[in-house]
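So the structure is just underneath, and the comments pick up after that.
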Amino acid sequence: MTDLLPGAHMREELLSQPEMWAIAADLRDAHAQLPAAGARIAVVGCGTSWFMAQSYAALRETAGHGETDAFAASEAFVDRGYDAVVALTRSGTTTEVLELVDRIKGRIPTVGVIGDPESPLVSLVDEAVLLPFADEKSVVQTRFATTALALFRASLGEDLTGAIADATAVLSEADDDEALREAEQYTFLGRGWATGLAHEAALKMRESSQSWTESYPSMDYRHGPIAIAAPGRVTWHFGEAPEGLAAQVEATGARFEQRSIDPMADLVRLHRVALDRAVARGLDPDQPRNLSRSVILDA
């Protein structure tokens, strides 16, 4: 057996994201399995899946498809007259998601968006949207999360051509921004649906490289968190930034990082930075400290 380099699975998986998004965009039958426009729904998940749920909820409701709330599965208030609950999970074995779906089974229609078609969640939900092509070997998630979000976006009628092109361009860039990769601290910001991506970026950098990261809605950043900005630190904004924010961050000596590209493609750029930072520190994001592929709690 050939020994793999640290982060080999994460690298392969993050590089495949544009291809995965294109596949998800064409899954018309899967789009139709998701709750129809007008339905009032809750979307639940844990960790990365919760942050993707936040982005989906913001996109769906903003697009006029119906009231949509996102919850961490362990803190979900689903007895509010929802027409359906969407459970997002790569493994399909996460304890909190399984317990929630089992608790509401027969009372609220459930849709699972799942990476592993052999998982117990498949038979527990009323509708199972399976994305095995996007499943991963690395513990640190990249492509499954963004592919699920691509599926959600396409189901809402979005054209992902621009996002796919932006991600492809990002992945073809030379990796020569040492200052960005070696920053002391990172704060990630976003507005609307990109807020969930900011939270996910902070988690990704923490998981993969054990870095000090924070994340906030961008308009809330100036209500205290900007105090952490300083030379050698990075404030990274996903999507269009509020007027004046860049200048305020730069006045602290911190670096303000923002690209005029699709925010999901900018998350791919963060994936590369996180991976390279981890490897440079002698870490393996495929097997990060204290983490496993799925959180399964003892009874």
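The way I read the labels, and the way they are meant: chains A, B, ... in the order of the structure tokens, residue 1 as the first residue of every chain, and ligand 1 as the first ligand shown, with later ones counted on from there.
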
Residues of range 218-243 of chain A that have any atom at most 7 Å from an atom of range 257-262 of chain A: could you tabulate them with the shortest-distance atom pair and the distance in Å to one decimal, using only C-alpha atoms, ordered by chain and increasing number, as a tab-separated table?
```
residue	atom	partner	partner_atom	distance
A:Val234	CA	A:Glu257	CA	6.9
A:Thr235	CA	A:Glu257	CA	6.1
A:Trp236	CA	A:Glu257	CA	4.5
A:His237	CA	A:Gln258	CA	5.1
A:Phe238	CA	A:Gln258	CA	6.5
A:Gly239	CA	A:Ser260	CA	6.7
A:Glu240	CA	A:Ser260	CA	7.0
```

Contacts of range 4-21 of chain A within 6 Å, only C-alpha atoms, excl. fewer than 3 positions in-chain, as a PyMOL selection string: chain A and resi 24+138+142-143+147+150+164+284-286

Can you write out the residues you just picked, keeping C-alpha atoms, as a CSV table (one decimal), in the first residue's frame?
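The file below, part-v4.csv, is the result:
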```csv
chain,number,residue,atom,x,y,z
A,24,ALA,CA,-25.5,18.5,-8.6
A,138,SER,CA,-10.9,13.2,4.5
A,142,THR,CA,-14.9,20.3,1.5
A,143,ARG,CA,-16.7,19.0,-1.5
A,147,THR,CA,-22.0,20.2,-3.5
A,150,ALA,CA,-24.9,23.7,-5.1
A,164,ILE,CA,-18.3,26.8,-11.4
A,284,ASP,CA,-2.8,16.1,8.4
A,285,PRO,CA,-6.3,17.5,7.7
A,286,ASP,CA,-7.4,14.0,6.6
```

Distance query Ile108 in chain A at most 7 Å, only C-alpha atoms, self and fewer than 2 positions along chain excluded, as a ChimeraX atom specification: /A:83-85,104-106,110

A:Leu88, A:Leu156, A:Leu151, A:Leu130 ranked by distance to Ala58 in chain A, top pick (using only C-alpha atoms):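 With only C-alpha atoms as the atom set, the closest residue is A:Leu156.
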
All helix (DSSP H, G or I) positions in range 136-233 of chain A, as an MDAnalysis selection string: chainID A and resid 143:155 161:172 178:181 194:209 218:220 225:228

One-decimal distance in Å that lies between CA of Ser123 in chain A and CA of Ala22 in chain A: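 Computing it gives 27.2 Å between the two atoms.
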
Close residues, range 49-52 of chain A itself excluded, 12 Å, only C-alpha atoms, min 5 positions apart in chain, as a ChimeraX atom specification: /A:42-44,57-59,69-76,86-92,94,96-97,112-115,141-153,193-204,215,264,267,294

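With distances restricted to only C-alpha atoms, A:Asp126 is the closest residue to Val101 in chain A from A:Asp126, A:Asp116, A:Glu243, A:Asp26.
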
Nearby residues (only C-alpha atoms) at most 12 Å from Ala36 in chain A, same-chain spacing under 3 positions excluded, as a list of chain:residue names: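 Close residues of Ala36 in chain A: A:Ala30, A:His31, A:Ala32, A:Gln33, A:Ala39, A:Arg40, A:Ile41, A:Arg60, A:Gly64, A:His65, A:Gly66, A:Glu67, A:Thr68, A:Asp83, A:Ala84, A:Val86, A:Val111, A:Phe152, A:Ser155, A:Leu156, A:Gly157.
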
CA of Gln248 in chain A to CA of Ser209 in chain A, straight-line distance in Å: 27.8 Å

Between CA of Phe256 in chain A and CA of Arg233 in chain A, distance in Å (one decimal):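 Atom-to-atom, CA of Phe256 in chain A to CA of Arg233 in chain A, that is 8.9 Å.
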